[in-house]
Structures are given as structure tokens and as C-alpha cells.
Amino acid sequence: MVLVPKPGGKWRMYIDFRDLNKACPKDYYPLPRIDQLVDSTFEYELLSMMDALQGYH
């Protein structure tokens, strides 16, 4: 961890997470692209959209 002064007199904290990133398992299942998701719904008649944003906060 390193503290660096900002021009306005405040401090900015920098943390080196490279070792932590090396220790974390890799995600070998990336999210599908949005165009693939849209294309996969082509054959269905009903599409439901849920707004989870209000439930998240």
C-alpha cells in the first residue's frame, strides 16, 4: 500500500493486487456476448425482462 499526495492536498491510496490476482482462480467460462443472447431468444414467443436494479440496492 502506498499513499500519494493529490494536487488538492488530499491523499490517494494505491494497492498492488498482482499477487492476489495470481492466487485467484481464473474464470474459464466468460459471459456470452449480447448478440448471442438476443439471437438465442429468436425462436421464443414470450420474452420476460426483469429489473433487478431496485432489488439490488
# chains A, B, ... in the order shown; residues from 1 in each chain; ligands from 1
$ select_by_dssp --residues "chain A" --states "helix (DSSP H, G or I)" --output "ChimeraX atom specification"
/A:18-23,34-40,53-56
$ select_by_dssp --residues "chain A" --states "strand (DSSP E or B)" --output "list in words"
Val2, Leu3, Val4, Pro5, Trp11, Arg12, Met13 and Tyr14 of chain A
$ closest_residue --among "A:Met1, A:Pro32, A:Phe42, A:Asp27" --to "A:Ile15" --atoms "only C-alpha atoms"
A:Met1
$ atom_distance --atom1 "atom CA of A:Val2" --atom2 "atom CA of A:Arg18"
14.3 Å
